file start_29.pdb (PDB, C-alpha atoms)
ATOM      1  CA  MET A   1      60.289 154.005  79.254  1.00  0.00           C
ATOM      2  CA  ARG A   2      63.040 151.594  78.350  1.00  0.00           C
ATOM      3  CA  ILE A   3      65.826 152.373  75.878  1.00  0.00           C
ATOM      4  CA  ASP A   4      67.249 149.414  73.954  1.00  0.00           C
ATOM      5  CA  ARG A   5      70.632 149.048  75.647  1.00  0.00           C
ATOM      6  CA  VAL A   6      72.281 147.497  72.580  1.00  0.00           C
ATOM      7  CA  LYS A   7      71.124 150.359  70.350  1.00  0.00           C
ATOM      8  CA  LEU A   8      72.317 152.929  72.887  1.00  0.00           C
ATOM      9  CA  ILE A   9      75.720 151.300  73.310  1.00  0.00           C
ATOM     10  CA  ALA A  10      76.096 150.895  69.532  1.00  0.00           C
ATOM     11  CA  GLU A  11      75.211 154.538  68.846  1.00  0.00           C
ATOM     12  CA  MET A  12      77.594 155.755  71.537  1.00  0.00           C
ATOM     13  CA  ALA A  13      80.368 153.588  70.065  1.00  0.00           C
ATOM     14  CA  ARG A  14      79.583 154.807  66.539  1.00  0.00           C
ATOM     15  CA  GLN A  15      79.915 158.416  67.700  1.00  0.00           C
ATOM     16  CA  GLU A  16      82.856 157.578  69.982  1.00  0.00           C
ATOM     17  CA  ILE A  17      81.155 159.366  72.867  1.00  0.00           C
ATOM     18  CA  THR A  18      81.691 158.504  76.529  1.00  0.00           C
ATOM     19  CA  VAL A  19      79.082 158.303  79.263  1.00  0.00           C
ATOM     20  CA  ASN A  20      80.410 161.560  80.721  1.00  0.00           C
ATOM     21  CA  GLU A  21      80.290 163.380  77.370  1.00  0.00           C
ATOM     22  CA  LEU A  22      76.772 162.161  76.617  1.00  0.00           C
ATOM     23  CA  ALA A  23      75.569 163.100  80.087  1.00  0.00           C
ATOM     24  CA  LYS A  24      76.802 166.652  79.536  1.00  0.00           C
ATOM     25  CA  LYS A  25      75.322 166.913  76.028  1.00  0.00           C
ATOM     26  CA  ALA A  26      72.005 165.401  77.125  1.00  0.00           C
ATOM     27  CA  CYS A  27      71.792 167.388  80.384  1.00  0.00           C
ATOM     28  CA  VAL A  28      71.197 164.231  82.432  1.00  0.00           C
ATOM     29  CA  SER A  29      73.321 162.551  85.069  1.00  0.00           C
ATOM     30  CA  GLN A  30      75.970 159.942  84.353  1.00  0.00           C
ATOM     31  CA  VAL A  31      73.909 157.630  86.556  1.00  0.00           C
ATOM     32  CA  THR A  32      70.959 157.979  84.151  1.00  0.00           C
ATOM     33  CA  ILE A  33      73.144 157.119  81.133  1.00  0.00           C
ATOM     34  CA  THR A  34      74.743 154.175  82.948  1.00  0.00           C
ATOM     35  CA  ALA A  35      71.329 152.878  84.034  1.00  0.00           C
ATOM     36  CA  ALA A  36      69.976 153.116  80.466  1.00  0.00           C
ATOM     37  CA  ARG A  37      73.064 151.304  79.166  1.00  0.00           C
ATOM     38  CA  GLY A  38      72.368 148.598  81.736  1.00  0.00           C
ATOM     39  CA  GLY A  39      68.802 148.084  80.527  1.00  0.00           C
ATOM     40  CA  LYS A  40      67.036 149.946  83.317  1.00  0.00           C
ATOM     41  CA  SER A  41      64.000 152.052  82.508  1.00  0.00           C
ATOM     42  CA  CYS A  42      64.096 155.832  82.599  1.00  0.00           C
ATOM     43  CA  SER A  43      61.585 158.633  82.315  1.00  0.00           C
ATOM     44  CA  ARG A  44      60.304 159.639  78.885  1.00  0.00           C
ATOM     45  CA  ASN A  45      61.945 163.021  79.426  1.00  0.00           C
ATOM     46  CA  SER A  46      65.339 161.416  80.090  1.00  0.00           C
ATOM     47  CA  ALA A  47      64.989 159.216  77.002  1.00  0.00           C
ATOM     48  CA  LEU A  48      64.237 162.300  74.891  1.00  0.00           C
ATOM     49  CA  HIS A  49      67.245 164.130  76.331  1.00  0.00           C
ATOM     50  CA  ILE A  50      69.536 161.159  75.668  1.00  0.00           C
ATOM     51  CA  ALA A  51      68.327 160.888  72.076  1.00  0.00           C
ATOM     52  CA  ARG A  52      68.760 164.640  71.578  1.00  0.00           C
ATOM     53  CA  GLY A  53      72.254 164.430  73.054  1.00  0.00           C
ATOM     54  CA  LEU A  54      73.114 161.784  70.467  1.00  0.00           C
ATOM     55  CA  GLY A  55      71.418 163.727  67.674  1.00  0.00           C
ATOM     56  CA  VAL A  56      68.985 160.911  66.861  1.00  0.00           C
ATOM     57  CA  ASP A  57      65.228 160.454  67.092  1.00  0.00           C
ATOM     58  CA  VAL A  58      64.145 158.715  70.283  1.00  0.00           C
ATOM     59  CA  SER A  59      62.431 156.022  68.175  1.00  0.00           C
ATOM     60  CA  GLU A  60      65.885 154.902  66.999  1.00  0.00           C
ATOM     61  CA  LEU A  61      66.766 153.961  70.586  1.00  0.00           C
ATOM     62  CA  LEU A  62      63.570 152.142  71.531  1.00  0.00           C
ATOM     63  CA  PRO A  63      63.261 148.349  71.491  1.00  0.00           C
ATOM     64  CA  GLU A  64      61.610 146.706  68.485  1.00  0.00           C
ATOM     65  CA  GLU A  65      57.900 146.010  68.930  1.00  0.00           C
ATOM     66  CA  ASP A  66      56.958 142.334  69.192  1.00  0.00           C
TER      67      ASP A  66
END
call {"tool": "encode", "arguments": {"input": "start_29.pdb", "output": "structure tokens"}}
result
Amino acid sequence: MRIDRVKLIAEMARQEITVNELAKKACVSQVTITAARGGKSCSRNSALHIARGLGVDVSELLPEED
């Protein structure tokens, strides 16, 4: 599953949360957050944890459908 990197970066900036803080809140590694921010794919479970850590629905972080 791929998280839209722009949406992730924008939401993190909006909440003024760092990679380290989000990793702790989402219970995933900093490497996972950094990879998602870089446009790499992650597991569905990781995407759900990241969204939960940000307090948003995972659909808000997914790329727009073509």
call {"tool": "atom_distance", "arguments": {"input": "start_29.pdb", "atom1": "atom CA of A:Arg2", "atom2": "atom CA of A:Glu65"}}
result
12.1 Å
call {"tool": "closest_residue", "arguments": {"input": "start_29.pdb", "among": "A:Arg52, A:Met12, A:Met1, A:Arg44", "to": "A:Lys25", "atoms": "all atoms listed in the file"}}
result
A:Arg52
call {"tool": "closest_residue", "arguments": {"input": "start_29.pdb", "among": "A:Gly39, A:Val28, A:Arg14, A:Asn45", "to": "A:Pro63", "atoms": "all atoms listed in the file"}}
result
A:Gly39
call {"tool": "residues_around", "arguments": {"input": "start_29.pdb", "residues": "A:Ile3", "least_positions_apart": "3", "cutoff": "12 Å", "atoms": "all atoms listed in the file", "output": "compact mmCIF listing (two decimals) with C-alpha atoms, in the coordinates of the input"}}
result
# COMPACT_ATOMS: atom_id res chain seq x y z
CA VAL A 6 72.28 147.50 72.58
CA LYS A 7 71.12 150.36 70.35
CA LEU A 8 72.32 152.93 72.89
CA ILE A 9 75.72 151.30 73.31
CA GLU A 11 75.21 154.54 68.85
CA THR A 32 70.96 157.98 84.15
CA ILE A 33 73.14 157.12 81.13
CA THR A 34 74.74 154.18 82.95
CA ALA A 35 71.33 152.88 84.03
CA ALA A 36 69.98 153.12 80.47
CA ARG A 37 73.06 151.30 79.17
CA GLY A 38 72.37 148.60 81.74
CA GLY A 39 68.80 148.08 80.53
CA LYS A 40 67.04 149.95 83.32
CA SER A 41 64.00 152.05 82.51
CA CYS A 42 64.10 155.83 82.60
CA SER A 43 61.58 158.63 82.32
CA ARG A 44 60.30 159.64 78.89
CA ASN A 45 61.94 163.02 79.43
CA SER A 46 65.34 161.42 80.09
CA ALA A 47 64.99 159.22 77.00
CA LEU A 48 64.24 162.30 74.89
CA HIS A 49 67.24 164.13 76.33
CA ILE A 50 69.54 161.16 75.67
CA ALA A 51 68.33 160.89 72.08
CA ASP A 57 65.23 160.45 67.09
CA VAL A 58 64.14 158.72 70.28
CA SER A 59 62.43 156.02 68.18
CA GLU A 60 65.89 154.90 67.00
CA LEU A 61 66.77 153.96 70.59
CA LEU A 62 63.57 152.14 71.53
CA PRO A 63 63.26 148.35 71.49
CA GLU A 64 61.61 146.71 68.48
call {"tool": "atom_distance", "arguments": {"input": "start_29.pdb", "atom1": "atom CA of A:Ala13", "atom2": "atom CA of A:Gly55"}}
result
13.7 Å
call {"tool": "atom_distance", "arguments": {"input": "start_29.pdb", "atom1": "atom CA of A:Gly53", "atom2": "atom CA of A:Lys24"}}
result
8.2 Å
call {"tool": "axis_aligned_box", "arguments": {"input": "start_29.pdb", "around": "stretch 34-47 of chain A", "padding_each_side": "6 Å", "output": "lines of an AutoDock Vina configuration file"}}
result
center_x = 67.5
center_y = 155.6
center_z = 80.5
size_x = 26.4
size_y = 26.9
size_z = 19.0
call {"tool": "closest_residue", "arguments": {"input": "start_29.pdb", "among": "A:Glu21, A:Arg5, A:Cys27, A:Gln15", "to": "A:Val56", "atoms": "all atoms listed in the file"}}
result
A:Gln15
call {"tool": "residues_around", "arguments": {"input": "start_29.pdb", "residues": "A:Gln30", "least_positions_apart": "4", "cutoff": "7 Å", "atoms": "only C-alpha atoms", "output": "list in words"}}
result
Val19, Asn20, Ala23 and Thr34 of chain A
call {"tool": "decode", "arguments": {"input": "start_29.pdb", "residues": "stretch 40-53 of chain A", "atoms": "N, CA, C and O atoms", "output": "PDB file, in the first residue's frame"}}
result
ATOM      1  N   LYS A  40       7.763   5.470  -0.703  1.00  0.00           N
ATOM      2  CA  LYS A  40       7.862   4.018  -0.741  1.00  0.00           C
ATOM      3  C   LYS A  40       6.560   3.394  -0.235  1.00  0.00           C
ATOM      4  O   LYS A  40       5.838   3.990   0.546  1.00  0.00           O
ATOM      5  N   SER A  41       6.295   2.176  -0.668  1.00  0.00           N
ATOM      6  CA  SER A  41       5.086   1.507  -0.200  1.00  0.00           C
ATOM      7  C   SER A  41       5.336   0.903   1.182  1.00  0.00           C
ATOM      8  O   SER A  41       6.473   0.681   1.592  1.00  0.00           O
ATOM      9  N   CYS A  42       4.243   0.673   1.888  1.00  0.00           N
ATOM     10  CA  CYS A  42       4.326   0.057   3.210  1.00  0.00           C
ATOM     11  C   CYS A  42       3.165  -0.924   3.334  1.00  0.00           C
ATOM     12  O   CYS A  42       2.274  -0.964   2.483  1.00  0.00           O
ATOM     13  N   SER A  43       3.180  -1.702   4.389  1.00  0.00           N
ATOM     14  CA  SER A  43       2.094  -2.656   4.585  1.00  0.00           C
ATOM     15  C   SER A  43       0.804  -1.906   4.939  1.00  0.00           C
ATOM     16  O   SER A  43       0.839  -0.762   5.403  1.00  0.00           O
ATOM     17  N   ARG A  44      -0.304  -2.557   4.701  1.00  0.00           N
ATOM     18  CA  ARG A  44      -1.610  -1.959   5.045  1.00  0.00           C
ATOM     19  C   ARG A  44      -1.654  -1.666   6.546  1.00  0.00           C
ATOM     20  O   ARG A  44      -2.141  -0.629   6.964  1.00  0.00           O
ATOM     21  N   ASN A  45      -1.105  -2.581   7.330  1.00  0.00           N
ATOM     22  CA  ASN A  45      -1.083  -2.414   8.778  1.00  0.00           C
ATOM     23  C   ASN A  45      -0.299  -1.165   9.181  1.00  0.00           C
ATOM     24  O   ASN A  45      -0.739  -0.387  10.030  1.00  0.00           O
ATOM     25  N   SER A  46       0.848  -0.954   8.557  1.00  0.00           N
ATOM     26  CA  SER A  46       1.651   0.242   8.851  1.00  0.00           C
ATOM     27  C   SER A  46       0.905   1.511   8.464  1.00  0.00           C
ATOM     28  O   SER A  46       0.916   2.496   9.199  1.00  0.00           O
ATOM     29  N   ALA A  47       0.246   1.485   7.303  1.00  0.00           N
ATOM     30  CA  ALA A  47      -0.527   2.648   6.858  1.00  0.00           C
ATOM     31  C   ALA A  47      -1.639   2.968   7.862  1.00  0.00           C
ATOM     32  O   ALA A  47      -1.867   4.137   8.192  1.00  0.00           O
ATOM     33  N   LEU A  48      -2.299   1.948   8.359  1.00  0.00           N
ATOM     34  CA  LEU A  48      -3.364   2.147   9.355  1.00  0.00           C
ATOM     35  C   LEU A  48      -2.804   2.728  10.644  1.00  0.00           C
ATOM     36  O   LEU A  48      -3.395   3.631  11.234  1.00  0.00           O
ATOM     37  N   HIS A  49      -1.653   2.227  11.066  1.00  0.00           N
ATOM     38  CA  HIS A  49      -1.012   2.744  12.283  1.00  0.00           C
ATOM     39  C   HIS A  49      -0.593   4.196  12.118  1.00  0.00           C
ATOM     40  O   HIS A  49      -0.770   5.010  13.033  1.00  0.00           O
ATOM     41  N   ILE A  50      -0.048   4.540  10.955  1.00  0.00           N
ATOM     42  CA  ILE A  50       0.373   5.917  10.696  1.00  0.00           C
ATOM     43  C   ILE A  50      -0.840   6.847  10.730  1.00  0.00           C
ATOM     44  O   ILE A  50      -0.804   7.906  11.359  1.00  0.00           O
ATOM     45  N   ALA A  51      -1.906   6.441  10.061  1.00  0.00           N
ATOM     46  CA  ALA A  51      -3.125   7.255  10.056  1.00  0.00           C
ATOM     47  C   ALA A  51      -3.663   7.426  11.471  1.00  0.00           C
ATOM     48  O   ALA A  51      -4.026   8.538  11.886  1.00  0.00           O
ATOM     49  N   ARG A  52      -3.690   6.342  12.229  1.00  0.00           N
ATOM     50  CA  ARG A  52      -4.174   6.400  13.616  1.00  0.00           C
ATOM     51  C   ARG A  52      -3.294   7.318  14.454  1.00  0.00           C
ATOM     52  O   ARG A  52      -3.785   8.081  15.283  1.00  0.00           O
ATOM     53  N   GLY A  53      -1.990   7.252  14.227  1.00  0.00           N
ATOM     54  CA  GLY A  53      -1.055   8.114  14.945  1.00  0.00           C
ATOM     55  C   GLY A  53      -1.290   9.586  14.658  1.00  0.00           C
ATOM     56  O   GLY A  53      -1.066  10.441  15.518  1.00  0.00           O
TER      57      GLY A  53
END
